[in-house]
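Engineer: Input work.txt, format and content: compact mmCIF, C-alpha atoms and all ligand atoms.
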# COMPACT_ATOMS: atom_id res chain seq x y z
CA MET L 1 -10.90 -34.09 17.24
CA ALA L 2 -9.69 -32.11 20.23
CA THR L 3 -7.70 -29.90 17.87
CA GLU L 4 -10.73 -29.37 15.68
CA SER L 5 -12.97 -28.26 18.49
CA LEU L 6 -10.23 -26.02 19.81
CA LEU L 7 -9.96 -24.43 16.37
CA LEU L 8 -13.71 -24.08 16.20
CA SER L 9 -13.90 -22.32 19.53
CA LEU L 10 -11.03 -20.05 18.54
CA LEU L 11 -12.91 -19.20 15.38
CA SER L 12 -16.07 -18.47 17.35
CA VAL L 13 -14.13 -16.09 19.57
CA CYS L 14 -12.78 -14.45 16.44
CA VAL L 15 -16.22 -14.11 14.90
CA LEU L 16 -17.47 -12.66 18.15
CA PHE L 17 -14.81 -9.98 18.05
CA SER L 18 -14.99 -9.74 14.25
CA CYS L 19 -11.30 -10.46 13.78
CA VAL L 20 -11.97 -12.72 10.80
CA ASP L 21 -14.38 -10.38 9.08
CA SER L 22 -11.62 -8.72 7.16
CA GLN L 23 -9.62 -11.92 6.61
CA PHE L 24 -7.15 -11.07 9.35
CA CYS L 25 -6.66 -7.44 8.46
CA ARG L 26 -6.86 -4.55 10.88
CA GLU L 27 -10.19 -2.76 10.97
CA GLY L 28 -10.55 -0.51 7.95
CA TRP L 29 -7.75 -2.27 6.06
CA GLN L 30 -8.41 -4.35 2.98
CA SER L 31 -7.17 -7.82 2.28
CA PHE L 32 -5.60 -8.77 -1.03
CA GLY L 33 -3.24 -11.69 -1.59
CA ASP L 34 -1.03 -12.11 1.45
CA SER L 35 -1.20 -8.45 2.43
CA CYS L 36 -3.45 -5.94 4.13
CA TYR L 37 -3.71 -2.45 2.71
CA GLY L 38 -4.57 0.65 4.66
CA PHE L 39 -5.54 3.88 2.95
CA GLY L 40 -4.15 6.90 4.82
CA GLU L 41 -6.97 9.44 4.85
CA SER L 42 -4.69 12.21 6.09
CA THR L 43 -2.22 13.74 3.68
CA THR L 44 1.47 13.79 4.49
CA ALA L 45 4.90 13.78 2.85
CA TRP L 46 6.47 10.55 1.59
CA GLY L 47 8.93 10.08 4.44
CA ALA L 48 6.29 10.69 7.09
CA ALA L 49 3.91 8.32 5.31
CA GLU L 50 6.59 5.62 5.27
CA ALA L 51 7.13 6.17 9.00
CA ILE L 52 3.41 5.85 9.71
CA CYS L 53 3.26 2.59 7.76
CA LYS L 54 6.17 1.26 9.85
CA VAL L 55 4.22 1.99 13.02
CA TYR L 56 1.60 -0.37 11.60
CA ASN L 57 4.21 -3.04 10.93
CA GLY L 58 4.16 -2.28 7.24
CA LYS L 59 5.59 -0.17 4.45
CA LEU L 60 4.26 2.09 1.74
CA ALA L 61 2.56 -0.20 -0.77
CA GLU L 62 4.86 -1.98 -3.20
CA ILE L 63 3.29 -3.29 -6.38
CA GLU L 64 4.58 -6.40 -8.09
CA THR L 65 1.68 -7.50 -10.27
CA PHE L 66 -1.02 -6.22 -12.60
CA GLU L 67 -3.68 -7.58 -10.22
CA GLU L 68 -2.25 -5.84 -7.17
CA ASN L 69 -1.97 -2.63 -9.17
CA GLU L 70 -5.61 -2.83 -10.29
CA PHE L 71 -6.76 -3.53 -6.73
CA LEU L 72 -4.89 -0.52 -5.36
CA LYS L 73 -5.89 1.77 -8.22
CA ASN L 74 -9.51 0.93 -7.48
CA LEU L 75 -8.93 1.66 -3.79
CA ALA L 76 -7.43 5.08 -4.67
CA LYS L 77 -10.30 5.71 -7.09
CA SER L 78 -12.91 4.82 -4.50
CA LYS L 79 -11.40 7.49 -2.23
CA GLN L 80 -11.32 9.99 -5.09
CA ALA L 81 -7.82 10.86 -3.96
CA ASP L 82 -5.92 13.26 -6.19
CA ARG L 83 -2.53 11.74 -5.35
CA VAL L 84 -1.62 8.60 -3.46
CA LEU L 85 1.93 7.83 -2.34
CA LEU L 86 3.40 4.38 -2.93
CA GLY L 87 6.66 2.79 -1.82
CA GLY L 88 8.72 3.54 -4.94
CA THR L 89 11.49 6.11 -5.18
CA ASP L 90 14.46 7.15 -7.29
CA MET L 91 15.77 9.64 -4.73
CA PHE L 92 19.08 7.85 -4.33
CA SER L 93 19.82 7.21 -7.98
CA GLU L 94 17.95 9.38 -10.44
CA GLY L 95 16.00 7.31 -12.94
CA SER L 96 16.66 4.05 -11.11
CA TRP L 97 13.33 3.25 -9.46
CA GLU L 98 13.25 0.89 -6.54
CA TRP L 99 10.88 -0.27 -3.83
CA SER L 100 12.04 1.24 -0.58
CA SER L 101 11.73 -1.76 1.75
CA GLY L 102 14.08 -4.16 0.01
CA GLY L 103 15.77 -2.13 -2.68
CA LYS L 104 14.17 -4.28 -5.37
CA HIS L 105 14.07 -2.53 -8.72
CA ILE L 106 10.64 -1.62 -10.04
CA PHE L 107 10.62 -4.26 -12.73
CA PRO L 108 9.15 -5.96 -14.66
CA PHE L 109 5.69 -4.60 -13.82
CA VAL L 110 5.24 -0.85 -14.24
CA ASP L 111 2.22 1.34 -14.96
CA TRP L 112 3.68 4.74 -15.73
CA ALA L 113 1.26 7.26 -17.19
CA PRO L 114 2.20 8.49 -20.66
CA GLY L 115 5.17 10.86 -20.37
CA GLN L 116 6.02 9.73 -16.83
CA PRO L 117 8.29 9.57 -14.97
CA ASP L 118 9.44 13.05 -16.02
CA ASP L 119 11.40 14.10 -12.92
CA SER L 120 9.68 17.49 -13.22
CA SER L 121 11.56 19.83 -10.83
CA GLY L 122 13.16 16.78 -9.25
CA GLU L 123 10.26 14.43 -8.57
CA ASP L 124 11.47 11.25 -6.87
CA CYS L 125 8.46 9.57 -5.26
CA LEU L 126 5.90 7.24 -6.81
CA THR L 127 2.20 8.09 -6.77
CA PHE L 128 -1.09 7.15 -8.30
CA SER L 129 -2.38 10.30 -9.93
CA ARG L 130 -6.04 11.09 -10.50
CA ASP L 131 -5.06 13.39 -13.37
CA ASN L 132 -3.46 10.35 -15.01
CA LYS L 133 -6.42 7.99 -14.47
CA TYR L 134 -4.55 6.62 -11.45
CA GLN L 135 -1.63 5.45 -13.49
CA TRP L 136 1.79 6.08 -12.00
CA ASN L 137 3.41 9.50 -11.81
CA ASP L 138 6.61 10.57 -10.10
CA PHE L 139 5.82 13.35 -7.65
CA HIS L 140 7.52 15.61 -5.14
CA CYS L 141 8.51 13.62 -2.06
CA GLU L 142 8.11 16.61 0.24
CA GLN L 143 4.55 17.46 -0.81
CA ALA L 144 1.66 16.08 1.18
CA ALA L 145 -0.50 13.38 -0.40
CA TYR L 146 -2.68 10.47 0.64
CA PHE L 147 -0.90 7.14 0.94
CA ILE L 148 -1.44 3.39 1.04
CA CYS L 149 0.35 1.16 3.56
CA GLU L 150 0.91 -2.54 2.98
CA ALA L 151 1.34 -4.91 5.91
CA PRO L 152 1.43 -8.69 6.31
CA ARG L 153 -1.91 -10.26 7.16
CA LEU L 154 -2.44 -10.59 10.89
CA ASP L 155 -2.57 -13.94 12.59
CA PRO L 156 -5.99 -14.56 14.05
CA ILE L 157 -5.93 -12.92 17.46
CA VAL L 158 -7.68 -14.65 20.29
CA GLY L 159 -8.92 -12.94 23.41
CA CA U 1 13.34 11.43 -10.16
CA CA U 2 5.99 13.42 -12.77
If you took the structure in this file and wrote it as structure tokens, what would it be?
Ligand SMILES: [Ca+2]
Ligand SMILES: [Ca+2]

Structural biologist:
Amino acid sequence: MATESLLLSLLSVCVLFSCVDSQFCREGWQSFGDSCYGFGESTTAWGAAEAICKVYNGKLAEIETFEENEFLKNLAKSKQADRVLLGGTDMFSEGSWEWSSGGKHIFPFVDWAPGQPDDSSGEDCLTFSRDNKYQWNDFHCEQAAYFICEAPRLDPIVG
């Protein structure tokens, strides 16, 4: 009983400060599954985007499932972004795509646009591409684009 009322009052504090409104995600970030996703509204190169995501205790978004992919495609679409950087790269081994945070290969789920990845002039970084209906395209790592960070959901913060 004591625990329950403590939890209740913690929740009330949270509601007061709106920390549960976004299911324990930072303001402006979106909750899906066990992660929070932040859409970077400024454009930057892949490495800089990855660094920004780290500042927010995250990484560039890494997509493991159809559902996560659909959720993030819709987020990119809602921003009408032309290109959105994700956490995949083949910069260290051409043609061998991996997620940057853990070196996991991009497999089995992929959503490459027809004809992609084409490594056109040495493209090594994964993006959603508006020109490809937000399917995946490999793109130039050094060119600025929007980006999506993925971070673990926050614990409810009190006070
Ligand atoms: Ca490549
Ligand atoms: Ca390409």

Engineer: Restricting the calculation to only C-alpha atoms, which member of L:Leu86, L:Val110, L:Ala48, L:Ala151 is positioned closest to L:Leu60?

Structural biologist: L:Leu86

Engineer: Figure out the distance between atom CA of L:Leu75 and atom CA of L:Ser93, please, to one decimal in Å.

Structural biologist: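 Answer for the atom CA of L:Ser93 to atom CA of L:Leu75 separation: 29.6 Å.
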
Engineer: Skip L:Asp119 itself and residues of its chain fewer than 4 positions away, then list as a ChimeraX atom specification all residues within 7 Å of it, counting only C-alpha atoms.

Structural biologist: /L:123-124,138

Engineer: Could you work out how far atom CA of L:Leu72 lies from atom CA of L:Val55, giving the answer in Å with one decimal?

Structural biologist: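 Computing the Euclidean distance for atom CA of L:Val55 and atom CA of L:Leu72 yields 20.7 Å.
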
Engineer: As an exercise, work out the distance from atom CA of L:Ser101 to atom CA of L:Glu50 in Å and give it to one decimal place.

Structural biologist: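 Computing the Euclidean distance for atom CA of L:Ser101 and atom CA of L:Glu50 yields 9.7 Å.
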
Engineer: Return as a PyMOL selection string every polymer residue, whether protein, DNA or RNA, with at least one atom no more than 6 Å from an atom of ligand CA 2 (chain U); count all atoms listed in the file.

Structural biologist: chain L and resi 116-120+137-139

Engineer: Next, dump the selected residues to file, keeping only C-alpha atoms, as an mmCIF file, in the frame of the given file.

Structural biologist:
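As written to disk, part.cif reads:
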data_model
loop_
_atom_site.group_PDB
_atom_site.id
_atom_site.type_symbol
_atom_site.label_atom_id
_atom_site.label_comp_id
_atom_site.auth_asym_id
_atom_site.auth_seq_id
_atom_site.Cartn_x
_atom_site.Cartn_y
_atom_site.Cartn_z
ATOM 1 C CA GLN L 116 6.020 9.730 -16.830
ATOM 2 C CA PRO L 117 8.290 9.570 -14.970
ATOM 3 C CA ASP L 118 9.440 13.050 -16.020
ATOM 4 C CA ASP L 119 11.400 14.100 -12.920
ATOM 5 C CA SER L 120 9.680 17.490 -13.220
ATOM 6 C CA ASN L 137 3.410 9.500 -11.810
ATOM 7 C CA ASP L 138 6.610 10.570 -10.100
ATOM 8 C CA PHE L 139 5.820 13.350 -7.650
#

Engineer: Give me the residues near L:Asn74 as JSON, numbers by chain, where near means some atom within 9 Å (using all atoms listed in the file) and where sequence neighbours in that chain fewer than 5 positions away do not count.

Structural biologist: {"L": [69, 79, 134]}

Engineer: Mind checking which residues fall within 10 Å of L:Trp136, counting all atoms listed in the file, ignoring those fewer than 6 positions away in the same chain, and posting them as a ChimeraX atom specification?

Structural biologist: /L:69,73,83-86,110-114,116-117,126-130

Engineer: Go through L:Phe66, L:Phe32, L:Tyr37, L:Phe92 and flag the residue nearest ligand CA 1 (chain U), using only C-alpha atoms and all ligand atoms for the distances.

Structural biologist: L:Phe92

Engineer: Would you please work out which residue, of L:Cys36, L:Ala45, L:Met91, L:Ile63, is nearest to L:Pro108 when using only C-alpha atoms?

Structural biologist: L:Ile63

Engineer: Between L:Asp131, L:Glu98, L:Glu27, L:Glu41, which has the minimum distance to L:Ala144 (counting only C-alpha atoms)?

Structural biologist: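 The answer is L:Glu41, which sits nearest to L:Ala144.
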
Engineer: Between L:Glu94, L:Glu68, L:Asp34, L:Asp155, single out the one closest to ligand CA 1 (chain U), counting all atoms listed in the file.

Structural biologist: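 Under the stated criterion, the closest residue is L:Glu94.
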
Engineer: Return the single residue from L:Glu70, L:Ala76, L:His140, L:Thr89 that is closest to L:Gly38, with distances computed using only C-alpha atoms.

Structural biologist: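 Answer, going by the shortest atom-to-atom distance: L:Ala76.
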
Engineer: At a cut-off of 7 Å around the point (-4.5, 0.3, 5.0) (file coordinates), what residues fall inside when counting all atoms listed in the file? I'd like the answer as a count of residues only.

Structural biologist: 11

Engineer: Axis-aligned box over every listed atom of stretch 41-58 of chain L, padded by 4 Å per side: centre and edges in Å to one decimal, as lines of an AutoDock Vina configuration file?

Structural biologist:
center_x = 1.0
center_y = 5.4
center_z = 7.3
size_x = 23.9
size_y = 24.8
size_z = 19.4

Engineer: With N, CA and C atoms retained, output stretch 74-94 of chain L as a short mmCIF file (atom, residue, chain, number, x, y, z; two decimals), in the first residue's frame.

Structural biologist:
data_model
loop_
_atom_site.label_atom_id
_atom_site.label_comp_id
_atom_site.auth_asym_id
_atom_site.auth_seq_id
_atom_site.Cartn_x
_atom_site.Cartn_y
_atom_site.Cartn_z
N ASN L 74 7.54 6.83 -41.85
CA ASN L 74 6.44 7.78 -41.68
C ASN L 74 6.91 9.05 -41.00
N LEU L 75 7.84 8.91 -40.05
CA LEU L 75 8.41 10.09 -39.39
C LEU L 75 9.15 10.95 -40.42
N ALA L 76 9.97 10.33 -41.26
CA ALA L 76 10.71 11.06 -42.30
C ALA L 76 9.75 11.73 -43.27
N LYS L 77 8.69 10.98 -43.63
CA LYS L 77 7.68 11.50 -44.56
C LYS L 77 6.98 12.71 -43.97
N SER L 78 6.65 12.62 -42.68
CA SER L 78 5.92 13.71 -42.04
C SER L 78 6.76 14.98 -42.01
N LYS L 79 8.07 14.84 -42.06
CA LYS L 79 8.97 16.00 -42.09
C LYS L 79 9.28 16.44 -43.51
N GLN L 80 8.80 15.68 -44.46
CA GLN L 80 9.06 15.93 -45.89
C GLN L 80 10.55 16.09 -46.16
N ALA L 81 11.34 15.32 -45.43
CA ALA L 81 12.79 15.41 -45.58
C ALA L 81 13.23 14.73 -46.87
N ASP L 82 14.17 15.36 -47.58
CA ASP L 82 14.63 14.74 -48.83
C ASP L 82 15.52 13.54 -48.56
N ARG L 83 16.40 13.68 -47.54
CA ARG L 83 17.27 12.55 -47.17
C ARG L 83 17.42 12.51 -45.67
N VAL L 84 17.38 11.31 -45.12
CA VAL L 84 17.47 11.15 -43.68
C VAL L 84 18.51 10.07 -43.36
N LEU L 85 19.55 10.46 -42.63
CA LEU L 85 20.63 9.53 -42.30
C LEU L 85 20.21 8.54 -41.22
N LEU L 86 20.64 7.28 -41.42
CA LEU L 86 20.41 6.22 -40.44
C LEU L 86 21.76 5.63 -40.05
N GLY L 87 21.74 4.68 -39.10
CA GLY L 87 23.00 4.20 -38.53
C GLY L 87 23.72 3.12 -39.31
N GLY L 88 23.40 2.92 -40.58
CA GLY L 88 24.05 1.87 -41.36
C GLY L 88 25.18 2.41 -42.22
N THR L 89 26.24 1.60 -42.37
CA THR L 89 27.35 2.02 -43.22
C THR L 89 28.08 0.81 -43.80
N ASP L 90 28.72 1.03 -44.94
CA ASP L 90 29.64 0.01 -45.47
C ASP L 90 31.00 0.65 -45.72
N MET L 91 31.30 1.69 -44.93
CA MET L 91 32.54 2.44 -45.18
C MET L 91 33.81 1.65 -44.85
N PHE L 92 33.68 0.62 -44.05
CA PHE L 92 34.87 -0.13 -43.67
C PHE L 92 35.05 -1.40 -44.49
N SER L 93 33.99 -1.83 -45.14
CA SER L 93 34.09 -3.02 -45.98
C SER L 93 33.02 -2.90 -47.06
N GLU L 94 33.44 -2.42 -48.22
CA GLU L 94 32.49 -2.10 -49.28
C GLU L 94 31.53 -3.26 -49.54
#
